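Structure data (CSV, C-alpha atoms) from upload.csv:
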chain,number,residue,atom,x,y,z
A,186,MET,CA,0.0,0.0,0.0
A,187,PHE,CA,2.8,2.4,0.8
A,188,GLY,CA,5.5,0.6,-1.3
A,189,GLU,CA,8.9,-0.2,0.0
A,190,ILE,CA,9.9,1.6,3.2
A,191,ARG,CA,13.5,2.1,4.1
A,192,ASN,CA,15.0,3.7,7.1
A,193,GLN,CA,17.8,6.3,7.2
A,194,GLN,CA,20.4,3.6,6.9
A,195,GLY,CA,18.8,2.2,3.7
A,196,GLU,CA,17.4,-0.9,5.4
A,197,THR,CA,14.0,-2.2,4.4
A,198,LEU,CA,11.3,-2.1,7.1
A,199,ASP,CA,8.8,-4.9,6.9
A,200,TYR,CA,5.2,-4.0,7.6
A,201,THR,CA,1.6,-5.2,7.2
A,202,VAL,CA,-1.4,-2.9,6.6
A,203,HIS,CA,-4.9,-3.5,7.9
A,204,SER,CA,-7.1,-1.4,5.7
A,205,GLY,CA,-9.9,-0.2,8.1
A,206,GLU,CA,-11.9,1.0,5.1
A,207,SER,CA,-14.2,3.4,6.9
A,208,ARG,CA,-11.4,6.0,7.3
A,209,SER,CA,-8.7,7.2,4.9
A,210,ASP,CA,-7.3,10.2,6.9
A,211,PHE,CA,-6.2,8.4,10.0
A,212,ILE,CA,-3.8,5.5,10.7
A,213,VAL,CA,-2.4,3.7,13.7
A,214,ILE,CA,1.2,2.6,13.6
A,215,ILE,CA,2.1,-0.2,15.9
A,216,GLY,CA,5.6,-0.9,17.1
A,217,HIS,CA,6.9,-3.9,19.1
A,218,GLY,CA,9.3,-4.3,22.0
A,219,VAL,CA,12.9,-5.7,22.2
A,220,THR,CA,13.3,-9.1,20.6
A,221,GLY,CA,9.8,-8.8,19.1
A,222,ASN,CA,8.5,-8.1,15.6
A,223,LYS,CA,5.2,-7.1,13.9
A,224,ASP,CA,3.8,-10.6,14.2
A,225,ARG,CA,3.7,-10.8,18.0
A,226,PRO,CA,0.2,-12.0,19.0
A,227,LEU,CA,-0.7,-8.8,20.9
A,228,VAL,CA,0.3,-6.6,18.0
A,229,VAL,CA,-1.7,-8.7,15.5
A,230,ALA,CA,-4.7,-8.9,17.8
A,231,LEU,CA,-4.8,-5.1,18.2
A,232,ALA,CA,-4.3,-4.4,14.5
A,233,GLU,CA,-7.1,-6.8,13.6
A,234,ARG,CA,-9.5,-5.3,16.2
A,235,LEU,CA,-8.7,-1.7,14.9
A,236,GLU,CA,-9.4,-2.8,11.4
A,237,ALA,CA,-12.7,-4.4,12.4
A,238,ALA,CA,-13.6,-1.0,13.9
A,239,GLY,CA,-12.9,0.7,10.6
A,240,ILE,CA,-9.5,2.2,11.7
A,241,PRO,CA,-6.5,1.6,9.4
A,242,ALA,CA,-3.5,0.1,11.2
A,243,LEU,CA,0.1,-0.6,10.1
A,244,ARG,CA,2.2,-3.0,12.2
A,245,MET,CA,5.9,-2.7,11.6
A,246,SER,CA,9.1,-4.6,12.4
A,247,PHE,CA,12.0,-2.3,13.4
A,248,ALA,CA,15.2,-2.9,11.5
A,249,GLY,CA,17.0,-6.0,12.6
A,250,ASN,CA,13.8,-7.7,13.7
A,251,GLY,CA,11.5,-10.1,11.9
A,252,ASP,CA,11.8,-9.8,8.1
A,253,SER,CA,13.1,-6.2,8.2
A,254,GLY,CA,16.6,-5.5,6.9
A,255,GLY,CA,19.5,-4.6,9.2
A,256,ALA,CA,21.2,-6.5,12.1
A,257,PHE,CA,19.7,-7.2,15.5
A,258,VAL,CA,23.0,-6.1,17.2
A,259,ASP,CA,22.4,-2.5,15.8
A,260,CYS,CA,18.9,-2.2,17.4
A,261,THR,CA,18.6,0.7,19.9
A,262,ILE,CA,15.9,3.0,21.0
A,263,THR,CA,17.7,5.8,19.2
A,264,LYS,CA,17.8,4.0,15.9
A,265,GLU,CA,14.2,2.7,16.2
A,266,THR,CA,13.0,6.3,16.8
A,267,GLY,CA,14.5,7.0,13.4
A,268,ASP,CA,12.8,3.9,11.9
A,269,LEU,CA,9.4,5.2,13.2
A,270,GLY,CA,10.1,8.5,11.5
A,271,SER,CA,10.7,6.7,8.2
A,272,VAL,CA,7.4,4.9,8.4
A,273,ILE,CA,5.6,8.2,9.3
A,274,ASP,CA,7.2,9.7,6.2
A,275,ALA,CA,5.8,6.9,4.1
A,276,VAL,CA,2.2,7.1,5.2
A,277,GLY,CA,1.9,10.6,3.9
A,278,GLY,CA,-0.4,13.3,5.2
A,279,ARG,CA,-2.6,11.0,7.4
A,280,ARG,CA,-3.3,11.8,11.0
A,281,ILE,CA,-1.2,9.4,13.1
A,282,CYS,CA,-1.6,7.6,16.3
A,283,TYR,CA,1.4,5.6,17.4
A,284,VAL,CA,1.1,2.5,19.7
A,285,GLY,CA,4.3,1.2,21.1
A,286,HIS,CA,4.8,-2.0,23.3
A,287,SER,CA,7.6,-2.2,25.8
A,288,MET,CA,10.8,-0.7,24.3
A,289,GLY,CA,8.5,0.4,21.5
A,290,GLY,CA,6.8,2.5,24.1
A,291,ALA,CA,10.0,4.4,24.8
A,292,VAL,CA,10.5,4.9,21.1
A,293,GLY,CA,7.0,6.5,20.9
A,294,VAL,CA,7.7,8.9,23.8
A,295,ASN,CA,11.0,9.8,22.2
A,296,ARG,CA,9.4,10.5,18.8
A,297,ALA,CA,6.3,12.2,20.0
A,298,THR,CA,8.3,14.9,21.8
A,299,THR,CA,9.8,16.0,18.5
A,300,ASP,CA,7.5,15.0,15.7
A,301,PRO,CA,4.2,16.9,15.5
A,302,ARG,CA,2.8,14.4,13.0
A,303,ILE,CA,2.0,12.1,15.9
A,304,GLU,CA,-1.4,13.3,17.1
A,305,ALA,CA,-2.1,10.6,19.7
A,306,LEU,CA,0.1,8.2,21.6
A,307,VAL,CA,-0.5,4.8,23.3
A,308,SER,CA,2.1,3.1,25.5
A,309,LEU,CA,1.6,-0.6,26.2
A,310,ALA,CA,3.7,-1.7,29.1
A,311,GLY,CA,6.0,1.1,28.0
A,312,MET,CA,9.6,1.0,29.1
A,313,VAL,CA,10.6,4.2,30.9
A,314,HIS,CA,13.8,3.6,32.9
A,315,THR,CA,16.0,2.2,30.2
A,316,GLU,CA,19.3,1.9,32.0
A,317,GLU,CA,17.7,0.3,34.9
A,318,PHE,CA,15.9,-2.2,32.6
A,319,ALA,CA,19.1,-3.1,30.8
A,320,ARG,CA,20.9,-3.6,34.1
A,321,ARG,CA,18.1,-5.6,35.6
A,322,GLU,CA,17.5,-7.9,32.7
A,323,PHE,CA,20.9,-8.3,31.1
A,324,GLY,CA,23.4,-7.1,33.7
A,325,GLU,CA,24.8,-10.6,34.2
A,326,GLU,CA,25.5,-11.0,30.5
A,327,THR,CA,28.7,-9.8,28.7
A,328,PRO,CA,27.9,-7.5,25.8
A,329,ASP,CA,29.0,-8.8,22.4
A,330,THR,CA,29.3,-12.3,23.7
A,331,GLY,CA,26.0,-12.9,25.7
A,332,PHE,CA,22.4,-13.1,24.6
A,333,MET,CA,19.1,-11.5,25.7
A,334,TRP,CA,17.2,-13.9,27.8
A,335,GLY,CA,19.4,-16.8,26.5
A,336,GLU,CA,18.1,-16.5,23.0
A,337,GLU,CA,20.9,-17.0,20.5
A,338,ARG,CA,18.9,-15.1,17.8
A,339,CYS,CA,19.1,-12.0,20.1
A,340,PRO,CA,22.8,-11.3,20.8
A,341,LEU,CA,23.4,-8.6,23.5
A,342,SER,CA,25.4,-5.9,21.9
A,343,SER,CA,27.5,-3.1,23.5
A,344,THR,CA,25.7,-0.8,21.0
A,345,TYR,CA,22.4,-1.6,22.7
A,346,MET,CA,23.7,-1.4,26.3
A,347,ASN,CA,25.5,1.9,25.6
A,348,ASP,CA,22.3,3.5,24.1
A,349,MET,CA,20.2,2.3,27.1
A,350,LYS,CA,22.8,3.9,29.5
A,351,ALA,CA,23.0,7.1,27.5
A,352,ILE,CA,19.3,7.6,27.5
A,353,GLY,CA,19.1,6.6,31.2
A,354,SER,CA,15.3,7.2,31.4
A,355,VAL,CA,12.6,8.9,29.3
A,356,VAL,CA,10.7,9.8,32.5
A,357,ASP,CA,11.3,13.5,32.1
A,358,LEU,CA,10.0,13.5,28.6
A,359,GLY,CA,6.5,12.9,30.0
A,360,ALA,CA,6.2,16.6,30.6
A,361,GLN,CA,6.8,17.2,26.9
A,362,ILE,CA,4.0,15.0,25.6
A,363,SER,CA,1.3,17.5,24.4
A,364,VAL,CA,-1.0,15.1,22.5
A,365,PRO,CA,-3.7,12.7,23.9
A,366,TRP,CA,-1.9,9.8,25.6
A,367,LEU,CA,-3.0,6.5,26.9
A,368,LEU,CA,-0.8,4.2,29.0
A,369,VAL,CA,-1.9,0.6,29.5
A,370,HIS,CA,0.1,-1.6,32.0
A,371,GLY,CA,-0.4,-4.9,33.7
A,372,SER,CA,-0.1,-5.1,37.5
A,373,GLU,CA,1.9,-8.3,37.3
A,374,ASP,CA,4.4,-7.2,34.6
A,375,ASP,CA,7.8,-8.6,35.6
A,376,ILE,CA,9.7,-7.3,32.6
A,377,VAL,CA,8.7,-3.6,32.7
A,378,PRO,CA,7.1,-3.0,36.1
A,379,VAL,CA,3.9,-0.9,36.3
A,380,GLY,CA,6.0,1.6,38.3
A,381,ASP,CA,7.5,2.8,35.0
A,382,SER,CA,4.1,4.0,33.8
A,383,ARG,CA,3.3,5.5,37.1
A,384,ASP,CA,6.6,7.4,37.2
A,385,ILE,CA,6.2,8.9,33.8
A,386,ILE,CA,2.6,9.9,34.2
A,387,ALA,CA,3.5,11.7,37.4
A,388,LYS,CA,5.7,13.9,35.3
A,389,ALA,CA,3.1,14.5,32.6
A,390,THR,CA,1.2,17.8,32.4
A,391,ASN,CA,-1.3,17.0,29.7
A,392,SER,CA,-3.6,14.7,31.7
A,393,PRO,CA,-2.8,11.3,30.1
A,394,GLU,CA,-4.8,8.3,31.2
A,395,LEU,CA,-3.2,5.3,32.9
A,396,PHE,CA,-5.2,2.1,32.6
A,397,GLU,CA,-4.0,-0.7,34.8
A,398,ILE,CA,-5.1,-4.3,34.1
A,399,ALA,CA,-5.1,-6.4,37.3
A,400,GLU,CA,-3.0,-9.6,37.1
A,401,ALA,CA,-1.9,-8.9,33.5
A,402,ASP,CA,1.7,-9.7,32.5
A,403,HIS,CA,4.0,-8.0,30.1
A,404,VAL,CA,2.4,-9.3,26.9
A,405,PHE,CA,-1.2,-9.2,28.1
A,406,SER,CA,-1.7,-13.0,28.1
A,407,ASP,CA,-5.0,-14.8,28.2
A,408,ALA,CA,-8.0,-12.7,29.3
A,409,ALA,CA,-6.0,-9.6,29.6
A,410,LEU,CA,-5.4,-9.5,25.8
A,411,ALA,CA,-9.1,-8.8,25.1
A,412,VAL,CA,-9.2,-6.2,27.8
A,413,MET,CA,-6.2,-4.3,26.4
A,414,VAL,CA,-7.3,-4.6,22.8
A,415,ASN,CA,-10.8,-3.3,23.6
A,416,LYS,CA,-9.6,-0.4,25.7
A,417,VAL,CA,-7.1,0.7,23.1
A,418,THR,CA,-9.5,0.4,20.3
A,419,ASP,CA,-12.2,2.4,22.1
A,420,TRP,CA,-9.7,5.1,23.0
A,421,VAL,CA,-8.3,5.4,19.5
A,422,LYS,CA,-11.8,5.6,18.0
A,423,ALA,CA,-12.4,8.6,20.2
A,424,GLN,CA,-9.2,10.3,19.0
A,425,ALA,CA,-10.0,9.5,15.4
A,426,GLY,CA,-13.3,11.4,15.7
Translate this file's structure into structure tokens.
Amino acid sequence: MFGEIRNQQGETLDYTVHSGESRSDFIVIIGHGVTGNKDRPLVVALAERLEAAGIPALRMSFAGNGDSGGAFVDCTITKETGDLGSVIDAVGGRRICYVGHSMGGAVGVNRATTDPRIEALVSLAGMVHTEEFARREFGEETPDTGFMWGEERCPLSSTYMNDMKAIGSVVDLGAQISVPWLLVHGSEDDIVPVGDSRDIIAKATNSPELFEIAEADHVFSDAALAVMVNKVTDWVKAQAG
């Protein structure tokens, strides 16, 4: 629908579009978390529900993930913020809502503070304290020799760890988000604790909404998936007008 999309490094970005035929002026771009891709069940479920509600959606794989070009070892929040910009460029003049899961949530906060084309923002279990996350989850691994959560397809690079440390936290960017913003987080998330969302919303000045799902984990498993999908779809429909 949008042809080949390449990032600033010339790498192709794989994506799937869900048409949502009732609207042509609005689109939801959905980004995944670290080690994920556009085909994660929660991403697909949300895109399909949005489409059924008549809202176009584009789910993307950041470079180095899924069928996108590039190398996984080069994946960072900073680079993925640029990838998102390339996708926004490709969709043209449509009004944009960005939905980011986990590390993709930090990407969204980063991008929304500088890119006025994002008119609405959704953070799903959004990562906020990046350096703390990297230390907690991967601190016992050696960069450039170890792996993320023991997955050999996901080598832990010094590029990634250095970027997470350089960012430190996106918590202070909460005050710079000026568009409607929904944060959804599970109370039992043991990857990105719900405290991350509580911390950044405390900094916000634009009255964002934090929707906590009791007993939900990081990927909104089982019954929590429908709760998340329905909440986000209803909220996005209100923003689309």
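The space between atom CA of Asp384 of chain A and atom CA of Asp268 of chain A spans 26.3 Å.
For the residues A:Val284, A:Ala291, A:Ile352, A:Ile262, ranking by smallest atom-to-atom distance to Val307 of chain A using only C-alpha atoms places A:Val284 first.
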Point to revise | Who sits within 9 Å of Ala230 of chain A, all atoms listed in the file, same chain under 4 positions skipped, as a ChimeraX atom specification | key: /A:225-226,234-235,410-411,414
At a cut-off of 6 Å, using all atoms listed in the file, what residues contact segment 360-370 of chain A? Leave out same-chain residues fewer than 4 positions from it and give the result as a PDB file with C-alpha atoms, in the coordinates of the input.
ATOM      1  CA  THR A 298       8.300  14.900  21.800  1.00  0.00           C
ATOM      2  CA  GLU A 304      -1.400  13.300  17.100  1.00  0.00           C
ATOM      3  CA  ALA A 305      -2.100  10.600  19.700  1.00  0.00           C
ATOM      4  CA  LEU A 306       0.100   8.200  21.600  1.00  0.00           C
ATOM      5  CA  VAL A 307      -0.500   4.800  23.300  1.00  0.00           C
ATOM      6  CA  SER A 308       2.100   3.100  25.500  1.00  0.00           C
ATOM      7  CA  LEU A 309       1.600  -0.600  26.200  1.00  0.00           C
ATOM      8  CA  ALA A 310       3.700  -1.700  29.100  1.00  0.00           C
ATOM      9  CA  VAL A 379       3.900  -0.900  36.300  1.00  0.00           C
ATOM     10  CA  LYS A 388       5.700  13.900  35.300  1.00  0.00           C
ATOM     11  CA  ALA A 389       3.100  14.500  32.600  1.00  0.00           C
ATOM     12  CA  THR A 390       1.200  17.800  32.400  1.00  0.00           C
ATOM     13  CA  ASN A 391      -1.300  17.000  29.700  1.00  0.00           C
ATOM     14  CA  PRO A 393      -2.800  11.300  30.100  1.00  0.00           C
ATOM     15  CA  GLU A 394      -4.800   8.300  31.200  1.00  0.00           C
ATOM     16  CA  LEU A 395      -3.200   5.300  32.900  1.00  0.00           C
ATOM     17  CA  PHE A 396      -5.200   2.100  32.600  1.00  0.00           C
ATOM     18  CA  GLU A 397      -4.000  -0.700  34.800  1.00  0.00           C
TER      19      GLU A 397
END
Practice item. Fewer than 6 positions away in the same chain doesn't count, so skip those; otherwise give me all residues within 12 Å of Thr197 of chain A, counting all atoms listed in the file, as a ChimeraX atom specification. Key: /A:188-191,245-256,268,271-272
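Interatomic distance, atom CA of Gly353 of chain A to atom CA of Val313 of chain A: 8.8 Å.
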Exercise for review: In Å, rounded to a single decimal, give me how far atom CA of Ile385 of chain A is from atom CA of Gly359 of chain A.
Suggested key: 5.5 Å
Review point. Smallest atom-to-atom distance to Arg302 of chain A: which of A:Phe405, A:Val213, A:Asp348, A:Gly371, using only C-alpha atoms?
Key: A:Val213
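Among the candidates A:Trp334, A:His217, A:Ile398, A:Ala319, the one nearest to Val412 of chain A when counting only C-alpha atoms is A:Ile398.
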Review point. Using only C-alpha atoms, which residue out of A:Cys282, A:Leu231, A:Val292, A:Met186 lies closest to Val421 of chain A?
Key: A:Cys282
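Proximity ranking of A:Met312, A:Val219, A:Ala237, A:Ser342 relative to Gly380 of chain A places A:Met312 first, based on all atoms listed in the file.
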Considering all atoms listed in the file, return as a PDB file with C-alpha atoms, in the coordinates of the input whatever protein or nucleic-acid residues lie within 12 Å of Phe187 of chain A, sequence-local ones (same chain, fewer than 2 positions apart) excluded.
ATOM      1  CA  GLU A 189       8.900  -0.200   0.000  1.00  0.00           C
ATOM      2  CA  ILE A 190       9.900   1.600   3.200  1.00  0.00           C
ATOM      3  CA  ARG A 191      13.500   2.100   4.100  1.00  0.00           C
ATOM      4  CA  LEU A 198      11.300  -2.100   7.100  1.00  0.00           C
ATOM      5  CA  ASP A 199       8.800  -4.900   6.900  1.00  0.00           C
ATOM      6  CA  TYR A 200       5.200  -4.000   7.600  1.00  0.00           C
ATOM      7  CA  THR A 201       1.600  -5.200   7.200  1.00  0.00           C
ATOM      8  CA  VAL A 202      -1.400  -2.900   6.600  1.00  0.00           C
ATOM      9  CA  SER A 204      -7.100  -1.400   5.700  1.00  0.00           C
ATOM     10  CA  LEU A 243       0.100  -0.600  10.100  1.00  0.00           C
ATOM     11  CA  SER A 271      10.700   6.700   8.200  1.00  0.00           C
ATOM     12  CA  VAL A 272       7.400   4.900   8.400  1.00  0.00           C
ATOM     13  CA  ILE A 273       5.600   8.200   9.300  1.00  0.00           C
ATOM     14  CA  ASP A 274       7.200   9.700   6.200  1.00  0.00           C
ATOM     15  CA  ALA A 275       5.800   6.900   4.100  1.00  0.00           C
ATOM     16  CA  VAL A 276       2.200   7.100   5.200  1.00  0.00           C
ATOM     17  CA  GLY A 277       1.900  10.600   3.900  1.00  0.00           C
TER      18      GLY A 277
END
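Of the listed residues A:Glu196, A:Met333, A:Val355, A:Gly239, the one whose atoms come nearest to Arg320 of chain A is A:Met333, with distances taken using all atoms listed in the file.
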Review point. Within 10 Å of Thr330 of chain A, counting only C-alpha atoms, which residues qualify if same-chain residues fewer than 6 places away don't, as a PyMOL selection string?
Key: chain A and resi 340-343
